[in-house]
Each structure stands twice: as structure tokens, then as C-alpha cells.
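One file, final37.tsv, is given below (TSV, N, CA and C atoms).
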chain	number	residue	atom	x	y	z
J	1	MET	N	65.74	55.24	29.99
J	1	MET	CA	65.95	56.39	30.82
J	1	MET	C	67.13	57.23	30.33
J	2	LYS	N	68.27	56.57	30.03
J	2	LYS	CA	69.44	57.30	29.55
J	2	LYS	C	69.16	58.01	28.24
J	3	LYS	N	68.32	57.41	27.40
J	3	LYS	CA	68.03	58.02	26.10
J	3	LYS	C	67.28	59.33	26.23
J	4	ASP	N	66.68	59.58	27.39
J	4	ASP	CA	65.94	60.82	27.61
J	4	ASP	C	66.83	61.99	28.04
J	5	ILE	N	68.07	61.70	28.41
J	5	ILE	CA	68.97	62.75	28.86
J	5	ILE	C	69.62	63.41	27.65
J	6	GLN	N	69.43	64.71	27.54
J	6	GLN	CA	70.02	65.48	26.44
J	6	GLN	C	71.30	66.15	26.93
J	7	ILE	N	72.43	65.81	26.32
J	7	ILE	CA	73.70	66.42	26.67
J	7	ILE	C	74.08	67.37	25.52
J	8	PRO	N	73.98	68.69	25.77
J	8	PRO	CA	74.25	69.63	24.69
J	8	PRO	C	75.75	69.67	24.35
J	9	GLU	N	76.03	69.88	23.08
J	9	GLU	CA	77.41	69.97	22.61
J	9	GLU	C	77.98	71.36	22.89
J	10	VAL	N	79.21	71.40	23.37
J	10	VAL	CA	79.88	72.67	23.65
J	10	VAL	C	80.52	73.19	22.37
J	11	THR	N	80.20	74.42	22.02
J	11	THR	CA	80.82	75.08	20.86
J	11	THR	C	81.29	76.46	21.30
J	12	ASP	N	82.28	76.97	20.60
J	12	ASP	CA	82.79	78.34	20.79
J	12	ASP	C	83.39	78.59	22.17
J	13	VAL	N	83.84	77.54	22.83
J	13	VAL	CA	84.62	77.68	24.07
J	13	VAL	C	85.88	76.85	23.84
J	14	GLU	N	87.05	77.45	24.10
J	14	GLU	CA	88.32	76.77	23.85
J	14	GLU	C	89.27	76.96	25.02
J	15	MET	N	90.24	76.06	25.09
J	15	MET	CA	91.33	76.18	26.07
J	15	MET	C	92.62	76.33	25.28
J	16	ALA	N	93.51	77.20	25.77
J	16	ALA	CA	94.79	77.43	25.10
J	16	ALA	C	95.89	77.50	26.14
J	17	ILE	N	97.07	77.06	25.74
J	17	ILE	CA	98.27	77.26	26.55
J	17	ILE	C	99.17	78.19	25.76
J	18	VAL	N	99.52	79.30	26.41
J	18	VAL	CA	100.20	80.41	25.74
J	18	VAL	C	101.58	80.62	26.37
J	19	TYR	N	102.55	80.89	25.51
J	19	TYR	CA	103.90	81.22	25.95
J	19	TYR	C	104.03	82.73	25.89
J	20	GLU	N	104.22	83.36	27.05
J	20	GLU	CA	104.22	84.82	27.08
J	20	GLU	C	105.20	85.37	28.12
J	21	TYR	N	105.58	86.62	27.93
J	21	TYR	CA	106.53	87.28	28.81
J	21	TYR	C	105.80	87.82	30.04
J	22	ASN	N	106.39	87.58	31.21
J	22	ASN	CA	105.84	88.08	32.47
J	22	ASN	C	106.60	89.34	32.86
J	23	ASP	N	105.94	90.49	32.78
J	23	ASP	CA	106.58	91.77	33.08
J	23	ASP	C	107.02	91.88	34.54
J	24	ILE	N	106.29	91.27	35.44
J	24	ILE	CA	106.59	91.39	36.87
J	24	ILE	C	107.89	90.65	37.22
J	25	TYR	N	107.99	89.39	36.78
J	25	TYR	CA	109.15	88.57	37.15
J	25	TYR	C	110.22	88.53	36.07
J	26	LYS	N	109.96	89.19	34.93
J	26	LYS	CA	110.93	89.24	33.82
J	26	LYS	C	111.30	87.84	33.34
J	27	THR	N	110.26	86.98	33.19
J	27	THR	CA	110.47	85.61	32.73
J	27	THR	C	109.48	85.30	31.61
J	28	ASP	N	109.79	84.25	30.85
J	28	ASP	CA	108.86	83.74	29.86
J	28	ASP	C	108.09	82.60	30.52
J	29	ASP	N	106.77	82.71	30.56
J	29	ASP	CA	105.93	81.74	31.26
J	29	ASP	C	104.94	81.08	30.30
J	30	TRP	N	104.48	79.90	30.70
J	30	TRP	CA	103.40	79.19	30.01
J	30	TRP	C	102.15	79.36	30.87
J	31	ASN	N	101.08	79.88	30.27
J	31	ASN	CA	99.83	80.12	30.99
J	31	ASN	C	98.66	79.46	30.26
J	32	VAL	N	97.70	79.00	31.04
J	32	VAL	CA	96.49	78.38	30.50
J	32	VAL	C	95.39	79.43	30.46
J	33	TYR	N	94.69	79.52	29.34
J	33	TYR	CA	93.58	80.45	29.16
J	33	TYR	C	92.32	79.70	28.75
J	34	ILE	N	91.18	80.24	29.14
J	34	ILE	CA	89.90	79.79	28.60
J	34	ILE	C	89.38	80.92	27.73
J	35	ILE	N	88.84	80.56	26.57
J	35	ILE	CA	88.36	81.55	25.60
J	35	ILE	C	86.87	81.33	25.37
J	36	ASN	N	86.07	82.39	25.55
J	36	ASN	CA	84.64	82.34	25.26
J	36	ASN	C	84.41	83.09	23.95
J	37	LYS	N	84.19	82.35	22.87
J	37	LYS	CA	83.93	82.95	21.56
J	37	LYS	C	82.44	83.13	21.29
J	38	LYS	N	81.62	82.82	22.29
J	38	LYS	CA	80.17	82.97	22.15
J	38	LYS	C	79.77	84.43	22.22
J	39	ASN	N	78.58	84.74	21.72
J	39	ASN	CA	78.03	86.09	21.80
J	39	ASN	C	77.21	86.30	23.06
J	40	VAL	N	77.31	85.35	24.00
J	40	VAL	CA	76.61	85.46	25.28
J	40	VAL	C	77.60	85.14	26.40
J	41	ASP	N	77.32	85.66	27.60
J	41	ASP	CA	78.14	85.37	28.76
J	41	ASP	C	77.94	83.91	29.17
J	42	ILE	N	78.97	83.32	29.73
J	42	ILE	CA	78.81	82.02	30.38
J	42	ILE	C	79.10	82.24	31.86
J	43	GLU	N	78.40	81.48	32.70
J	43	GLU	CA	78.46	81.72	34.14
J	43	GLU	C	78.82	80.45	34.90
J	44	MET	N	79.28	80.67	36.14
J	44	MET	CA	79.65	79.57	37.03
J	44	MET	C	80.58	78.59	36.33
J	45	VAL	N	81.64	79.11	35.74
J	45	VAL	CA	82.61	78.30	35.01
J	45	VAL	C	83.52	77.60	36.03
J	46	VAL	N	83.55	76.29	35.97
J	46	VAL	CA	84.42	75.49	36.84
J	46	VAL	C	85.38	74.71	35.95
J	47	ILE	N	86.68	74.85	36.25
J	47	ILE	CA	87.71	74.17	35.47
J	47	ILE	C	88.50	73.29	36.42
J	48	VAL	N	88.56	72.00	36.11
J	48	VAL	CA	89.33	71.04	36.90
J	48	VAL	C	90.44	70.52	36.00
J	49	SER	N	91.69	70.72	36.45
J	49	SER	CA	92.83	70.32	35.61
J	49	SER	C	93.65	69.24	36.30
J	50	GLN	N	94.26	68.39	35.47
J	50	GLN	CA	95.11	67.32	35.98
J	50	GLN	C	96.02	66.83	34.86
J	51	GLY	N	97.28	66.58	35.23
J	51	GLY	CA	98.22	65.95	34.31
J	51	GLY	C	98.27	64.46	34.59
J	52	PHE	N	98.48	63.66	33.55
J	52	PHE	CA	98.49	62.21	33.75
J	52	PHE	C	99.27	61.50	32.66
J	53	SER	N	99.77	60.33	33.01
J	53	SER	CA	100.38	59.39	32.06
J	53	SER	C	100.05	57.99	32.59
J	54	LYS	N	100.64	56.97	32.01
J	54	LYS	CA	100.37	55.61	32.49
J	54	LYS	C	100.93	55.40	33.90
J	55	THR	N	101.98	56.12	34.25
J	55	THR	CA	102.63	55.88	35.55
J	55	THR	C	102.54	57.05	36.52
J	56	LYS	N	102.15	58.22	36.05
J	56	LYS	CA	102.10	59.41	36.92
J	56	LYS	C	100.77	60.12	36.82
J	57	THR	N	100.38	60.74	37.93
J	57	THR	CA	99.18	61.58	37.96
J	57	THR	C	99.47	62.76	38.88
J	58	THR	N	99.12	63.96	38.45
J	58	THR	CA	99.32	65.13	39.29
J	58	THR	C	98.09	65.36	40.17
J	59	SER	N	98.22	66.27	41.08
J	59	SER	CA	97.07	66.66	41.91
J	59	SER	C	96.04	67.37	41.04
J	60	LEU	N	94.79	67.31	41.48
J	60	LEU	CA	93.73	68.06	40.80
J	60	LEU	C	93.81	69.53	41.20
J	61	LEU	N	93.65	70.41	40.24
J	61	LEU	CA	93.54	71.84	40.52
J	61	LEU	C	92.16	72.29	40.06
J	62	ARG	N	91.53	73.13	40.87
J	62	ARG	CA	90.19	73.61	40.53
J	62	ARG	C	90.21	75.13	40.47
J	63	LYS	N	89.49	75.66	39.50
J	63	LYS	CA	89.38	77.11	39.34
J	63	LYS	C	87.92	77.43	39.02
J	64	LYS	N	87.41	78.49	39.64
J	64	LYS	CA	86.02	78.90	39.37
J	64	LYS	C	86.00	80.35	38.92
J	65	LEU	N	85.22	80.61	37.89
J	65	LEU	CA	84.99	81.97	37.41
J	65	LEU	C	83.49	82.23	37.52
J	66	GLU	N	83.10	83.28	38.19
J	66	GLU	CA	81.67	83.60	38.31
J	66	GLU	C	81.04	83.84	36.95
J	67	LYS	N	81.75	84.63	36.12
J	67	LYS	CA	81.21	84.96	34.80
J	67	LYS	C	82.36	85.20	33.83
J	68	LEU	N	82.23	84.68	32.62
J	68	LEU	CA	83.16	84.96	31.54
J	68	LEU	C	82.34	85.65	30.45
J	69	PRO	N	82.53	86.97	30.29
J	69	PRO	CA	81.71	87.72	29.34
J	69	PRO	C	81.83	87.21	27.91
J	70	ALA	N	80.85	87.56	27.09
J	70	ALA	CA	80.84	87.19	25.68
J	70	ALA	C	82.11	87.69	25.01
J	71	ASN	N	82.65	86.88	24.09
J	71	ASN	CA	83.82	87.24	23.29
J	71	ASN	C	84.97	87.75	24.15
J	72	SER	N	85.30	86.98	25.19
J	72	SER	CA	86.40	87.36	26.06
J	72	SER	C	87.22	86.12	26.45
J	73	PHE	N	88.21	86.33	27.28
J	73	PHE	CA	89.05	85.23	27.75
J	73	PHE	C	89.50	85.53	29.17
J	74	ALA	N	90.01	84.49	29.84
J	74	ALA	CA	90.52	84.64	31.19
J	74	ALA	C	91.72	83.71	31.38
J	75	LYS	N	92.72	84.21	32.12
J	75	LYS	CA	93.87	83.39	32.47
J	75	LYS	C	93.43	82.46	33.60
J	76	VAL	N	93.70	81.17	33.43
J	76	VAL	CA	93.27	80.17	34.41
J	76	VAL	C	94.38	79.86	35.39
J	77	GLU	N	95.57	79.53	34.87
J	77	GLU	CA	96.68	79.14	35.74
J	77	GLU	C	97.99	79.15	34.99
J	78	LEU	N	99.07	79.17	35.76
J	78	LEU	CA	100.42	78.99	35.24
J	78	LEU	C	100.66	77.49	35.14
J	79	ILE	N	101.30	77.04	34.09
J	79	ILE	CA	101.61	75.62	33.97
J	79	ILE	C	103.12	75.47	33.79
J	80	GLN	N	103.70	74.56	34.54
J	80	GLN	CA	105.14	74.34	34.51
J	80	GLN	C	105.52	73.45	33.32
J	81	PRO	N	106.62	73.78	32.62
J	81	PRO	CA	107.05	72.97	31.46
J	81	PRO	C	107.31	71.51	31.79
J	82	GLU	N	107.60	71.19	33.06
J	82	GLU	CA	107.83	69.80	33.45
J	82	GLU	C	106.58	68.94	33.22
J	83	LEU	N	105.42	69.58	33.16
J	83	LEU	CA	104.17	68.85	32.96
J	83	LEU	C	103.88	68.54	31.48
J	84	PHE	N	104.66	69.08	30.57
J	84	PHE	CA	104.39	68.89	29.15
J	84	PHE	C	104.65	67.46	28.68
J	85	SER	N	105.43	66.70	29.46
J	85	SER	CA	105.65	65.29	29.10
J	85	SER	C	104.45	64.43	29.48
J	86	LEU	N	103.50	65.02	30.21
J	86	LEU	CA	102.25	64.34	30.56
J	86	LEU	C	101.13	64.85	29.67
J	87	SER	N	100.05	64.10	29.57
J	87	SER	CA	98.83	64.63	28.96
J	87	SER	C	98.17	65.51	30.01
J	88	ASN	N	97.65	66.65	29.60
J	88	ASN	CA	97.03	67.59	30.53
J	88	ASN	C	95.56	67.76	30.17
J	89	ARG	N	94.70	67.42	31.13
J	89	ARG	CA	93.25	67.42	30.91
J	89	ARG	C	92.62	68.58	31.67
J	90	PHE	N	91.69	69.27	30.99
J	90	PHE	CA	90.94	70.37	31.59
J	90	PHE	C	89.46	70.09	31.40
J	91	GLN	N	88.76	69.79	32.50
J	91	GLN	CA	87.33	69.53	32.45
J	91	GLN	C	86.62	70.85	32.76
J	92	VAL	N	85.84	71.32	31.81
J	92	VAL	CA	85.19	72.63	31.91
J	92	VAL	C	83.68	72.44	31.98
J	93	SER	N	83.07	73.01	33.02
J	93	SER	CA	81.60	73.00	33.17
J	93	SER	C	81.15	74.43	33.34
J	94	PHE	N	80.01	74.77	32.73
J	94	PHE	CA	79.50	76.14	32.84
J	94	PHE	C	78.01	76.17	32.50
J	95	PHE	N	77.38	77.27	32.89
J	95	PHE	CA	75.99	77.50	32.53
J	95	PHE	C	75.93	78.55	31.43
J	96	GLU	N	75.13	78.27	30.43
J	96	GLU	CA	74.74	79.26	29.42
J	96	GLU	C	73.23	79.34	29.53
J	97	GLY	N	72.76	80.45	30.09
J	97	GLY	CA	71.34	80.54	30.43
J	97	GLY	C	71.06	79.56	31.56
J	98	ASN	N	70.06	78.72	31.38
J	98	ASN	CA	69.72	77.72	32.40
J	98	ASN	C	70.23	76.33	32.05
J	99	THR	N	71.09	76.25	31.03
J	99	THR	CA	71.59	74.95	30.57
J	99	THR	C	73.02	74.73	31.03
J	100	LEU	N	73.27	73.56	31.60
J	100	LEU	CA	74.61	73.18	32.03
J	100	LEU	C	75.34	72.52	30.88
J	101	TYR	N	76.58	72.97	30.63
J	101	TYR	CA	77.43	72.40	29.59
J	101	TYR	C	78.67	71.83	30.23
J	102	ASP	N	79.26	70.83	29.59
J	102	ASP	CA	80.45	70.19	30.11
J	102	ASP	C	81.29	69.68	28.94
J	103	LYS	N	82.59	69.95	29.00
J	103	LYS	CA	83.49	69.45	27.95
J	103	LYS	C	84.87	69.23	28.55
J	104	THR	N	85.55	68.20	28.09
J	104	THR	CA	86.91	67.92	28.50
J	104	THR	C	87.85	68.25	27.35
J	105	PHE	N	88.83	69.11	27.65
J	105	PHE	CA	89.87	69.48	26.69
J	105	PHE	C	91.15	68.78	27.11
J	106	THR	N	91.88	68.21	26.14
J	106	THR	CA	93.12	67.51	26.46
J	106	THR	C	94.26	67.99	25.58
J	107	PHE	N	95.36	68.30	26.23
J	107	PHE	CA	96.62	68.57	25.53
J	107	PHE	C	97.43	67.28	25.67
J	108	GLU	N	97.62	66.58	24.57
J	108	GLU	CA	98.35	65.30	24.62
J	108	GLU	C	99.81	65.53	25.02
J	109	ALA	N	100.43	64.49	25.56
J	109	ALA	CA	101.82	64.57	26.00
J	109	ALA	C	102.73	65.02	24.86
J	110	ASN	N	103.65	65.89	25.19
J	110	ASN	CA	104.68	66.41	24.28
J	110	ASN	C	104.14	67.20	23.09
J	111	THR	N	102.91	67.70	23.16
J	111	THR	CA	102.39	68.55	22.07
J	111	THR	C	102.53	70.03	22.39
J	112	ILE	N	102.87	70.36	23.62
J	112	ILE	CA	103.06	71.76	24.01
J	112	ILE	C	104.54	72.06	23.93
J	113	LYS	N	104.93	72.83	22.92
J	113	LYS	CA	106.34	73.18	22.72
J	113	LYS	C	106.40	74.42	21.84
J	114	GLU	N	107.53	75.09	21.88
J	114	GLU	CA	107.67	76.34	21.14
J	114	GLU	C	107.43	76.15	19.64
J	115	GLY	N	107.83	75.02	19.09
J	115	GLY	CA	107.64	74.76	17.66
J	115	GLY	C	106.18	74.61	17.25
J	116	ALA	N	105.30	74.35	18.21
J	116	ALA	CA	103.88	74.15	17.92
J	116	ALA	C	103.06	75.43	18.11
J	117	LEU	N	103.70	76.52	18.52
J	117	LEU	CA	102.95	77.76	18.79
J	117	LEU	C	102.37	78.35	17.51
J	118	ARG	N	101.11	78.79	17.61
J	118	ARG	CA	100.41	79.45	16.52
J	118	ARG	C	99.71	80.69	17.07
J	119	MET	N	99.51	81.68	16.24
J	119	MET	CA	98.82	82.90	16.70
J	119	MET	C	97.37	82.56	17.02
J	120	ILE	N	96.92	82.97	18.19
J	120	ILE	CA	95.53	82.79	18.61
J	120	ILE	C	94.90	84.18	18.55
J	121	PRO	N	94.08	84.46	17.53
J	121	PRO	CA	93.57	85.82	17.32
J	121	PRO	C	92.81	86.41	18.50
J	122	GLU	N	92.03	85.59	19.22
J	122	GLU	CA	91.24	86.10	20.34
J	122	GLU	C	92.13	86.64	21.46
J	123	LEU	N	93.31	86.08	21.61
J	123	LEU	CA	94.24	86.49	22.66
J	123	LEU	C	95.31	87.45	22.14
J	124	ASN	N	95.50	87.45	20.83
J	124	ASN	CA	96.58	88.19	20.19
J	124	ASN	C	97.93	87.74	20.77
J	125	LYS	N	98.04	86.43	21.00
J	125	LYS	CA	99.25	85.82	21.54
J	125	LYS	C	99.47	84.50	20.85
J	126	ARG	N	100.71	84.00	20.98
J	126	ARG	CA	101.05	82.71	20.39
J	126	ARG	C	100.86	81.60	21.42
J	127	GLY	N	100.20	80.52	20.98
J	127	GLY	CA	99.96	79.42	21.89
J	127	GLY	C	99.51	78.17	21.16
J	128	VAL	N	99.06	77.21	21.95
J	128	VAL	CA	98.56	75.93	21.44
J	128	VAL	C	97.14	75.75	21.92
J	129	LEU	N	96.23	75.40	21.00
J	129	LEU	CA	94.83	75.14	21.37
J	129	LEU	C	94.64	73.66	21.67
J	130	ALA	N	93.77	73.37	22.63
J	130	ALA	CA	93.47	71.98	23.00
J	130	ALA	C	92.64	71.32	21.92
J	131	LYS	N	92.77	70.03	21.84
J	131	LYS	CA	91.96	69.25	20.90
J	131	LYS	C	90.68	68.82	21.60
Kindly return the structure encoded in the file as C-alpha cells.
Amino acid sequence: MKKDIQIPEVTDVEMAIVYEYNDIYKTDDWNVYIINKKNVDIEMVVIVSQGFSKTKTTSLLRKKLEKLPANSFAKVELIQPELFSLSNRFQVSFFEGNTLYDKTFTFEANTIKEGALRMIPELNKRGVLAK
């Protein structure tokens, strides 16, 4: 029975944590983005995030996007630097056409830092991409 279930591989969707200036509050913030590099829209995007280690676990946060257009991105949430000592997991589910896709992106503990920032062309900002 399990062998009959086809789980499609997620491609061209990424998660990034970006260090950027906030014009409203005049601060430098860390923000989480989802990037759709596909040539088609993805719909009903649900993102569940949680930080964790062997001894600590944060609350679950959920975010829903009705539609993420082709070749676009969306800001998901602000992330506090205190969470960088934890591994941060983002479970992403979405529909492409009539097919449901699911992928878990993880930023390992202590990998989010200014020294690890790289230019992310889709955002035109400096950040870290999830593995």
C-alpha cells in the first residue's frame, strides 16, 4: 500500500533568512522569506515554524498564503536573534495545480550569522538559504 503513494519532490521553492534594515523602526532586523522560483503560481501555502534543540522547543507558528505568484517571494515572519542558537525548522506545504507538495527546510543551530550572509538574487538582499 505504501509503495503506491507517490510523494513528489519539491524543487524551485526556498526559504531564506535575511538581515535587512527596517525603515519604520530604524533597526536592523532578521526576516524569514519564502521564494517561489517556479514559472507557475503556488497556492494554499502553509508554513509551520519551530525552533528546537535537545533541551528547548519554541511554540509553533503558522502562516498561510493564499497564493505566491510565479517567480516571486513573500516575507513570512520576523525572527529574533536569540533563536539562532536553536535549529529552526520550517515545514512548507502547498498546491501546484492539483498536486500537494510538502518539504521541511532547516536552518541548523548557529548557522545564521552576519558572517554567513550571501547575496540572494531573487530578493536582491543578503541572507542565508535553508538546507
Q) Any idea what the distance is between atom CA of Asn88 of chain J and atom CA of Lys113 of chain J? A) 13.4 Å
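The residue that comes closest to Gln80 of chain J, out of J:Tyr19, J:Lys64, J:Trp30, J:Met119 and on the basis of only N, CA and C atoms, is J:Trp30.
Taking only C-alpha atoms into account, Phe94 of chain J lies nearest to J:Val48 out of the set J:Val48, J:Leu61, J:Ile24, J:Ile17.
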Q.
One decimal, in Å: what's the spacing between atom C of Val92 of chain J and atom N of Leu65 of chain J?
A. 10.2 Å
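Each of J:Glu14, J:Glu122, J:Glu108, J:Glu9 was checked against Ile35 of chain J using all atoms listed in the file; the smallest atom-to-atom distance is that of J:Glu14.
Here atom CA of Asn71 of chain J is placed at a distance of 9.0 Å from atom N of Ile42 of chain J.
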